[in-house]
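First the structure, in the form of structure tokens, and then the observations on it.
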Amino acid sequence: MKVNKINNTLKAVTTAFLLTSLFSCESPDMDKGVTYDKGLLNFFVKIPGESTEYGATRTGPYNDGDTLYIKVPTTEESPLDITRLTAYASLENNCYIHPALTGETDFSHPLQIHVTDGVGIQRTHYIKILPTPPKTSFKKLWFKNSAELSLTHPYISGIAAHGNNLYVHDADIWSAADGIRVYDKMSGELKKTIPSPTTFTMQVKTDDAGHIIVNRYNEYGAGFVVYYYEDENSAAKEILNYTAGAGCPALLGRKMSVTGNLKEGKAYIYTTAPETMEFYYWEFNNGVPVKTIPEKVRYANAQENWAYASVKRESIADDANHFITYCIYDANDGTALAKGSRFEIFPPSMDITRMNPKNNLYKIFDFDVFTIQGDQFLVTLEQGFWAWDGVVMKVFEITDRNNLNLVPDDAVYAQFKLLESDVYGEVNYNKWGDVAAVTDGYDVYLYASIACGAADKAGILAYKMTYFPQ
């Protein structure tokens, strides 16, 4: 009798447990009216030995029969093995998956899974892996020092690139005998030299149509003068002369940018001078300035005079964004590093977006912005506080302006900062350095000038960025 009582008691307990489990599955939180009927919430895979998880292109809940697609990076150097991926599922409470996900899984064919939700409904889903190249890849093409490039002046003050050509300013302020060296953009081989239009030249740029622009900057009252070349085989033509007597500030022209076509239609030239908070620009129509006296903009966000600055206009549209970098250099800032360079974006309304300064070194020498398939990228040339610190080129994707707030410790930082080059350079008291980007389909050729007094340390760095449409 005692045994029977025990058996009956066990049966009662078991029955009560099963009833409790059944009703808890149907509505585990009946007091709050919650029903767990979503089942699968997401599906993830990892490459064995790596920590990054790759989830489905859209999150759940999913319908019965849905196929979930997961993009996993692959490259030519390290092709993805889809037969060996570790799989994980994110399920709602009181749900389970069949077959169980254990060890490595073969995704050479779509994986079929069955998920039973908290109210007992079973759904079938299929998981398909899409080996996907990264959005960008980078390859260093070459670094050639100034001796290898046959440059006379290792303190390179300006570069530009367009089409198949790389242009390097190689002229001393005292001599018109030097000029603009023209190199093959792929190999760095010297093609020819364009004679300097005058003394005191500083920068070489190209407009949107590939015309070559060289400026004289206002040293010793020389004024800011702009010269235009139809191409590398044509003579220089003066298109702007802003004299010291007309109000040109000292050293205006240290940096210059061009937007638009200086031969046809609308175009703009922007320039800056050191030790001010102002930038200057001219609007051109068919190669002629609308006014010889520039528009002058006081950039109050800098808060104090910059050591140097560079401004670029995104397009010729009236509502175009502007990009600016400026460096507030304090010789006593070697420990605190409280000042330094800032990169900012502003529309005509002056609603300013600043990149978190933790992303750049103390000095941003120069920058360029380029766009491919609607995605926008920023390339910078940077150096630490000291004149002998190393120089690096960096590339960021700035399509999502919110990413400018990211810092190196953020989980998605690798999607923002895409490249940091090796370290180059030597002592550079002039704080000179330029970058240039030229787009050829899905390839972008990036160049940086390393300016210093040592011929074997100064030179040009070349990278190739490849963009993969996603």
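Letters A, B, ... mark the chains of the structure tokens in the order given; residue numbers begin at 1 per chain; ligand numbers begin at 1, in order shown.
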
Exercise for the section: Just the residues within 6 Å of region 214-216 of chain A, please, counting only C-alpha atoms, with nothing from its chain fewer than 5 positions along; format it as a ChimeraX atom specification. Expected result: /A:200-204,224-227

Exercise for the section: Find the residues near Ile213 (chain A): any atom within 12 Å, counting only C-alpha atoms, skip ones fewer than 6 places away on the same chain, and give them as an MDAnalysis selection string. Expected result: chainID A and resid 158:162 167:169 180 194 196:197 201:207 225:232 234:240 256:259 261:263 269 287

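Residues in contact with Ala147 (chain A) at up to 9 Å, not including ones fewer than 6 positions away on its chain and judged by only C-alpha atoms, are Pro154, Ala455, Asp456, Ala458 and Gly459 of chain A.
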
Practice task
Tell me, in Å to one decimal, how far CA of Pro61 (chain A) is from CA of Leu130 (chain A).
Solution key: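 Those two atoms sit 20.7 Å apart.
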
Practice task
Rank A:Lys266, A:His114, A:Lys191, A:Lys394 by their smallest atom-to-atom distance to Ser150 (chain A), using only C-alpha atoms, and report the top residue only.
Solution key: A:Lys191

Practice task
Might you pull out every residue within 8 Å of His125 (chain A), with only C-alpha atoms counted and same-chain residues fewer than 2 positions away left off, and present them as a ChimeraX atom specification?
Solution key: /A:64-68,112-115,123,127

Within 9 Å of region 403-411 of chain A, counting only C-alpha atoms, which residues qualify if same-chain residues fewer than 2 places away don't, as a PDB file with all heavy atoms, in the first residue's frame?
```
ATOM      1  N   THR A 353      28.848  69.943 -38.134  1.00  0.00           N
ATOM      2  CA  THR A 353      29.102  68.598 -37.630  1.00  0.00           C
ATOM      3  C   THR A 353      30.611  68.420 -37.525  1.00  0.00           C
ATOM      4  O   THR A 353      31.334  68.608 -38.498  1.00  0.00           O
ATOM      5  CB  THR A 353      28.524  67.526 -38.566  1.00  0.00           C
ATOM      6  OG1 THR A 353      27.114  67.728 -38.706  1.00  0.00           O
ATOM      7  CG2 THR A 353      28.789  66.133 -38.021  1.00  0.00           C
ATOM      8  N   ARG A 354      31.075  68.030 -36.339  1.00  0.00           N
ATOM      9  CA  ARG A 354      32.520  67.877 -36.105  1.00  0.00           C
ATOM     10  C   ARG A 354      32.862  66.404 -35.926  1.00  0.00           C
ATOM     11  O   ARG A 354      32.166  65.681 -35.219  1.00  0.00           O
ATOM     12  CB  ARG A 354      32.951  68.660 -34.866  1.00  0.00           C
ATOM     13  CG  ARG A 354      34.378  68.375 -34.434  1.00  0.00           C
ATOM     14  CD  ARG A 354      34.757  69.126 -33.171  1.00  0.00           C
ATOM     15  NE  ARG A 354      34.959  70.547 -33.455  1.00  0.00           N
ATOM     16  CZ  ARG A 354      35.279  71.441 -32.524  1.00  0.00           C
ATOM     17  NH1 ARG A 354      35.414  71.072 -31.255  1.00  0.00           N
ATOM     18  NH2 ARG A 354      35.457  72.716 -32.850  1.00  0.00           N
ATOM     19  N   MET A 355      33.944  65.967 -36.555  1.00  0.00           N
ATOM     20  CA  MET A 355      34.466  64.640 -36.277  1.00  0.00           C
ATOM     21  C   MET A 355      35.114  64.640 -34.895  1.00  0.00           C
ATOM     22  O   MET A 355      35.822  65.584 -34.539  1.00  0.00           O
ATOM     23  CB  MET A 355      35.490  64.226 -37.347  1.00  0.00           C
ATOM     24  CG  MET A 355      36.023  62.812 -37.155  1.00  0.00           C
ATOM     25  SD  MET A 355      36.974  62.192 -38.571  1.00  0.00           S
ATOM     26  CE  MET A 355      38.509  63.101 -38.378  1.00  0.00           C
ATOM     27  N   ASN A 356      34.857  63.578 -34.135  1.00  0.00           N
ATOM     28  CA  ASN A 356      35.456  63.471 -32.814  1.00  0.00           C
ATOM     29  C   ASN A 356      36.976  63.576 -32.941  1.00  0.00           C
ATOM     30  O   ASN A 356      37.606  62.807 -33.667  1.00  0.00           O
ATOM     31  CB  ASN A 356      35.073  62.144 -32.169  1.00  0.00           C
ATOM     32  CG  ASN A 356      35.405  62.102 -30.692  1.00  0.00           C
ATOM     33  OD1 ASN A 356      36.517  62.427 -30.288  1.00  0.00           O
ATOM     34  ND2 ASN A 356      34.445  61.699 -29.885  1.00  0.00           N
ATOM     35  N   PRO A 357      37.596  64.545 -32.249  1.00  0.00           N
ATOM     36  CA  PRO A 357      39.052  64.750 -32.400  1.00  0.00           C
ATOM     37  C   PRO A 357      39.893  63.546 -31.993  1.00  0.00           C
ATOM     38  O   PRO A 357      41.085  63.492 -32.319  1.00  0.00           O
ATOM     39  CB  PRO A 357      39.328  65.946 -31.487  1.00  0.00           C
ATOM     40  CG  PRO A 357      38.022  66.657 -31.352  1.00  0.00           C
ATOM     41  CD  PRO A 357      36.985  65.581 -31.393  1.00  0.00           C
ATOM     42  N   LYS A 358      39.293  62.558 -31.299  1.00  0.00           N
ATOM     43  CA  LYS A 358      40.041  61.351 -30.952  1.00  0.00           C
ATOM     44  C   LYS A 358      40.390  60.528 -32.186  1.00  0.00           C
ATOM     45  O   LYS A 358      41.215  59.614 -32.109  1.00  0.00           O
ATOM     46  CB  LYS A 358      39.241  60.497 -29.974  1.00  0.00           C
ATOM     47  CG  LYS A 358      39.098  61.120 -28.596  1.00  0.00           C
ATOM     48  CD  LYS A 358      38.339  60.202 -27.649  1.00  0.00           C
ATOM     49  CE  LYS A 358      38.212  60.823 -26.261  1.00  0.00           C
ATOM     50  NZ  LYS A 358      37.468  59.941 -25.324  1.00  0.00           N
ATOM     51  N   ASN A 359      39.773  60.861 -33.318  1.00  0.00           N
ATOM     52  CA  ASN A 359      40.023  60.104 -34.550  1.00  0.00           C
ATOM     53  C   ASN A 359      41.232  60.604 -35.325  1.00  0.00           C
ATOM     54  O   ASN A 359      41.668  59.933 -36.272  1.00  0.00           O
ATOM     55  CB  ASN A 359      38.782  60.157 -35.449  1.00  0.00           C
ATOM     56  CG  ASN A 359      37.619  59.398 -34.863  1.00  0.00           C
ATOM     57  OD1 ASN A 359      37.739  58.218 -34.564  1.00  0.00           O
ATOM     58  ND2 ASN A 359      36.492  60.066 -34.681  1.00  0.00           N
ATOM     59  N   GLU A 397      34.986  56.308 -43.779  1.00  0.00           N
ATOM     60  CA  GLU A 397      33.713  56.436 -44.496  1.00  0.00           C
ATOM     61  C   GLU A 397      32.804  57.348 -43.692  1.00  0.00           C
ATOM     62  O   GLU A 397      32.529  57.088 -42.506  1.00  0.00           O
ATOM     63  CB  GLU A 397      33.014  55.097 -44.705  1.00  0.00           C
ATOM     64  CG  GLU A 397      31.740  55.292 -45.534  1.00  0.00           C
ATOM     65  CD  GLU A 397      30.950  54.033 -45.809  1.00  0.00           C
ATOM     66  OE1 GLU A 397      31.475  52.927 -45.573  1.00  0.00           O
ATOM     67  OE2 GLU A 397      29.798  54.162 -46.254  1.00  0.00           O
ATOM     68  N   ILE A 398      32.332  58.423 -44.320  1.00  0.00           N
ATOM     69  CA  ILE A 398      31.538  59.429 -43.616  1.00  0.00           C
ATOM     70  C   ILE A 398      30.142  59.547 -44.202  1.00  0.00           C
ATOM     71  O   ILE A 398      29.486  60.587 -44.031  1.00  0.00           O
ATOM     72  CB  ILE A 398      32.257  60.799 -43.626  1.00  0.00           C
ATOM     73  CG1 ILE A 398      32.485  61.299 -45.061  1.00  0.00           C
ATOM     74  CG2 ILE A 398      33.575  60.713 -42.869  1.00  0.00           C
ATOM     75  CD1 ILE A 398      33.004  62.732 -45.120  1.00  0.00           C
ATOM     76  N   THR A 399      29.660  58.491 -44.879  1.00  0.00           N
ATOM     77  CA  THR A 399      28.323  58.521 -45.449  1.00  0.00           C
ATOM     78  C   THR A 399      27.292  58.816 -44.369  1.00  0.00           C
ATOM     79  O   THR A 399      26.417  59.680 -44.543  1.00  0.00           O
ATOM     80  CB  THR A 399      27.996  57.166 -46.113  1.00  0.00           C
ATOM     81  OG1 THR A 399      29.064  56.801 -46.991  1.00  0.00           O
ATOM     82  CG2 THR A 399      26.701  57.240 -46.897  1.00  0.00           C
ATOM     83  N   ASP A 400      27.370  58.089 -43.275  1.00  0.00           N
ATOM     84  CA  ASP A 400      26.514  58.323 -42.117  1.00  0.00           C
ATOM     85  C   ASP A 400      27.218  59.325 -41.216  1.00  0.00           C
ATOM     86  O   ASP A 400      28.212  59.023 -40.578  1.00  0.00           O
ATOM     87  CB  ASP A 400      26.261  57.006 -41.376  1.00  0.00           C
ATOM     88  CG  ASP A 400      25.299  57.151 -40.205  1.00  0.00           C
ATOM     89  OD1 ASP A 400      24.987  58.305 -39.829  1.00  0.00           O
ATOM     90  OD2 ASP A 400      24.880  56.120 -39.650  1.00  0.00           O
ATOM     91  N   ARG A 401      26.696  60.541 -41.171  1.00  0.00           N
ATOM     92  CA  ARG A 401      27.349  61.595 -40.399  1.00  0.00           C
ATOM     93  C   ARG A 401      27.429  61.253 -38.906  1.00  0.00           C
ATOM     94  O   ARG A 401      28.292  61.773 -38.194  1.00  0.00           O
ATOM     95  CB  ARG A 401      26.609  62.916 -40.591  1.00  0.00           C
ATOM     96  CG  ARG A 401      26.611  63.443 -42.031  1.00  0.00           C
ATOM     97  CD  ARG A 401      28.001  63.851 -42.467  1.00  0.00           C
ATOM     98  NE  ARG A 401      27.981  64.640 -43.676  1.00  0.00           N
ATOM     99  CZ  ARG A 401      28.412  64.239 -44.859  1.00  0.00           C
ATOM    100  NH1 ARG A 401      28.927  63.012 -44.985  1.00  0.00           N
ATOM    101  NH2 ARG A 401      28.359  65.025 -45.917  1.00  0.00           N
ATOM    102  N   TYR A 413      33.722  50.578 -34.996  1.00  0.00           N
ATOM    103  CA  TYR A 413      34.707  51.564 -35.443  1.00  0.00           C
ATOM    104  C   TYR A 413      35.370  51.160 -36.750  1.00  0.00           C
ATOM    105  O   TYR A 413      35.702  52.021 -37.587  1.00  0.00           O
ATOM    106  CB  TYR A 413      35.764  51.757 -34.359  1.00  0.00           C
ATOM    107  CG  TYR A 413      36.683  52.921 -34.619  1.00  0.00           C
ATOM    108  CD1 TYR A 413      36.224  54.230 -34.502  1.00  0.00           C
ATOM    109  CD2 TYR A 413      38.018  52.724 -34.978  1.00  0.00           C
ATOM    110  CE1 TYR A 413      37.065  55.308 -34.734  1.00  0.00           C
ATOM    111  CE2 TYR A 413      38.868  53.792 -35.204  1.00  0.00           C
ATOM    112  CZ  TYR A 413      38.385  55.080 -35.080  1.00  0.00           C
ATOM    113  OH  TYR A 413      39.208  56.144 -35.321  1.00  0.00           O
ATOM    114  N   ALA A 414      35.542  49.846 -36.975  1.00  0.00           N
ATOM    115  CA  ALA A 414      36.203  49.377 -38.195  1.00  0.00           C
ATOM    116  C   ALA A 414      35.389  49.697 -39.440  1.00  0.00           C
ATOM    117  O   ALA A 414      35.929  49.705 -40.549  1.00  0.00           O
ATOM    118  CB  ALA A 414      36.455  47.872 -38.111  1.00  0.00           C
ATOM    119  N   GLN A 415      34.108  49.961 -39.287  1.00  0.00           N
ATOM    120  CA  GLN A 415      33.286  50.360 -40.427  1.00  0.00           C
ATOM    121  C   GLN A 415      33.425  51.852 -40.727  1.00  0.00           C
ATOM    122  O   GLN A 415      32.964  52.324 -41.758  1.00  0.00           O
ATOM    123  CB  GLN A 415      31.821  50.022 -40.155  1.00  0.00           C
ATOM    124  CG  GLN A 415      31.564  48.544 -39.934  1.00  0.00           C
ATOM    125  CD  GLN A 415      30.140  48.258 -39.511  1.00  0.00           C
ATOM    126  OE1 GLN A 415      29.229  49.037 -39.775  1.00  0.00           O
ATOM    127  NE2 GLN A 415      29.938  47.134 -38.831  1.00  0.00           N
ATOM    128  N   PHE A 416      34.036  52.573 -39.820  1.00  0.00           N
ATOM    129  CA  PHE A 416      34.239  54.016 -39.978  1.00  0.00           C
ATOM    130  C   PHE A 416      35.664  54.320 -40.430  1.00  0.00           C
ATOM    131  O   PHE A 416      35.886  54.879 -41.501  1.00  0.00           O
ATOM    132  CB  PHE A 416      33.919  54.709 -38.651  1.00  0.00           C
ATOM    133  CG  PHE A 416      34.263  56.169 -38.604  1.00  0.00           C
ATOM    134  CD1 PHE A 416      33.815  57.046 -39.574  1.00  0.00           C
ATOM    135  CD2 PHE A 416      35.043  56.669 -37.569  1.00  0.00           C
ATOM    136  CE1 PHE A 416      34.141  58.402 -39.528  1.00  0.00           C
ATOM    137  CE2 PHE A 416      35.362  58.016 -37.500  1.00  0.00           C
ATOM    138  CZ  PHE A 416      34.913  58.879 -38.482  1.00  0.00           C
ATOM    139  N   LYS A 417      36.632  53.912 -39.635  1.00  0.00           N
ATOM    140  CA  LYS A 417      38.026  54.097 -40.028  1.00  0.00           C
ATOM    141  C   LYS A 417      38.478  52.875 -40.817  1.00  0.00           C
ATOM    142  O   LYS A 417      38.568  51.773 -40.290  1.00  0.00           O
ATOM    143  CB  LYS A 417      38.916  54.287 -38.804  1.00  0.00           C
ATOM    144  CG  LYS A 417      40.388  54.488 -39.150  1.00  0.00           C
ATOM    145  CD  LYS A 417      41.212  54.575 -37.890  1.00  0.00           C
ATOM    146  CE  LYS A 417      42.693  54.487 -38.185  1.00  0.00           C
ATOM    147  NZ  LYS A 417      43.507  54.477 -36.962  1.00  0.00           N
TER     148      LYS A 417
END
```

Exercise for the section: Pick out the residues sitting within 9 Å of region 383-390 of chain A, and hand them over as a PyMOL selection string; count only C-alpha atoms, and ignore anything fewer than 5 positions along from it in its own chain. Expected result: chain A and resi 329+331+333-334+337+340+360-365+423-431

Handout entry: Non-local contacts of region 296-303 of chain A (8 Å; only C-alpha atoms; under 3 positions in same chain excluded) as a list in words
Key =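 Counting only the stated atoms, we get Met277, Glu278, Phe279, Tyr280, Tyr281, Trp306, Tyr326 and Ile328 of chain A.
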
Practice task
Using only C-alpha atoms, find the one residue out of A:Ala171, A:Ala309, A:Leu40, A:Leu461 that sits nearest to Gln122 (chain A).
Solution key: A:Leu40

Exercise for the section: Enter the distance from CA of Ala100 (chain A) to CA of Gly60 (chain A), in Å, rounded to one decimal. Expected result: 19.2 Å

Problem - CA of Trp142 (chain A) to CA of Tyr463 (chain A), distance in Å rounded to a single decimal - result: 7.1 Å

Problem - Selected residue, from A:Ser157, A:Thr105, A:Ser90, A:Asn164, that lies nearest to Ala451 (chain A) when counting only C-alpha atoms - result: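 With only C-alpha atoms as the atom set, the closest residue is A:Ser157.
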
Practice task
Measuring atom to atom with only C-alpha atoms, identify which of A:Ala250, A:Leu111, A:Val395, A:Cys452 is nearest to Tyr217 (chain A).
Solution key: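 Smallest distance to Tyr217 (chain A) is found for A:Ala250.
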
DSSP says helix (DSSP H, G or I) for which residues of region 3-200 of chain A? Put them as a PDB file with C-alpha atoms, in the first residue's frame?
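What follows is the written file states_7.pdb:
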```
ATOM      1  CA  VAL A   3       4.385   1.755  -2.628  1.00  0.00           C
ATOM      2  CA  ASN A   4       1.092   2.443  -4.390  1.00  0.00           C
ATOM      3  CA  LYS A   5       0.688   5.686  -2.435  1.00  0.00           C
ATOM      4  CA  ILE A   6       4.136   6.772  -3.504  1.00  0.00           C
ATOM      5  CA  ASN A   7       3.416   5.906  -7.146  1.00  0.00           C
ATOM      6  CA  ASN A   8       0.116   7.770  -7.037  1.00  0.00           C
ATOM      7  CA  THR A   9       1.835  10.773  -5.516  1.00  0.00           C
ATOM      8  CA  LEU A  10       4.537  10.752  -8.229  1.00  0.00           C
ATOM      9  CA  LYS A  11       1.882  10.531 -10.936  1.00  0.00           C
ATOM     10  CA  ALA A  12       0.050  13.498  -9.447  1.00  0.00           C
ATOM     11  CA  VAL A  13       3.255  15.550  -9.256  1.00  0.00           C
ATOM     12  CA  THR A  14       4.224  14.591 -12.827  1.00  0.00           C
ATOM     13  CA  THR A  15       0.750  15.450 -14.139  1.00  0.00           C
ATOM     14  CA  ALA A  16       0.825  18.800 -12.353  1.00  0.00           C
ATOM     15  CA  PHE A  17       4.293  19.546 -13.780  1.00  0.00           C
ATOM     16  CA  LEU A  18       3.191  18.697 -17.309  1.00  0.00           C
ATOM     17  CA  LEU A  19       0.074  20.833 -17.008  1.00  0.00           C
ATOM     18  CA  THR A  20       2.131  23.689 -15.604  1.00  0.00           C
ATOM     19  CA  SER A  21       4.666  23.346 -18.462  1.00  0.00           C
ATOM     20  CA  LEU A  22       1.897  23.191 -21.068  1.00  0.00           C
ATOM     21  CA  PHE A  23       0.147  26.294 -19.846  1.00  0.00           C
ATOM     22  CA  SER A  24       3.416  28.144 -19.275  1.00  0.00           C
ATOM     23  CA  CYS A  25       4.365  27.440 -22.945  1.00  0.00           C
ATOM     24  CA  GLU A  26       1.075  28.861 -24.154  1.00  0.00           C
ATOM     25  CA  MET A  30      -0.412  35.477 -18.521  1.00  0.00           C
ATOM     26  CA  ASP A  31      -0.572  38.144 -15.827  1.00  0.00           C
ATOM     27  CA  LYS A  32       0.895  40.654 -18.262  1.00  0.00           C
TER      28      LYS A  32
END
```

Practice task
Please report, as a ChimeraX atom specification, each residue of region 23-264 of chain A to which DSSP assigns strand (DSSP E) when run on this structure's backbone.
Solution key: /A:40-46,53-55,67-73,85-91,96-98,104-105,111-116,122-132,136-145,159-162,165-170,179-184,190-195,201-206,212-216,224-229,237-242,255-260
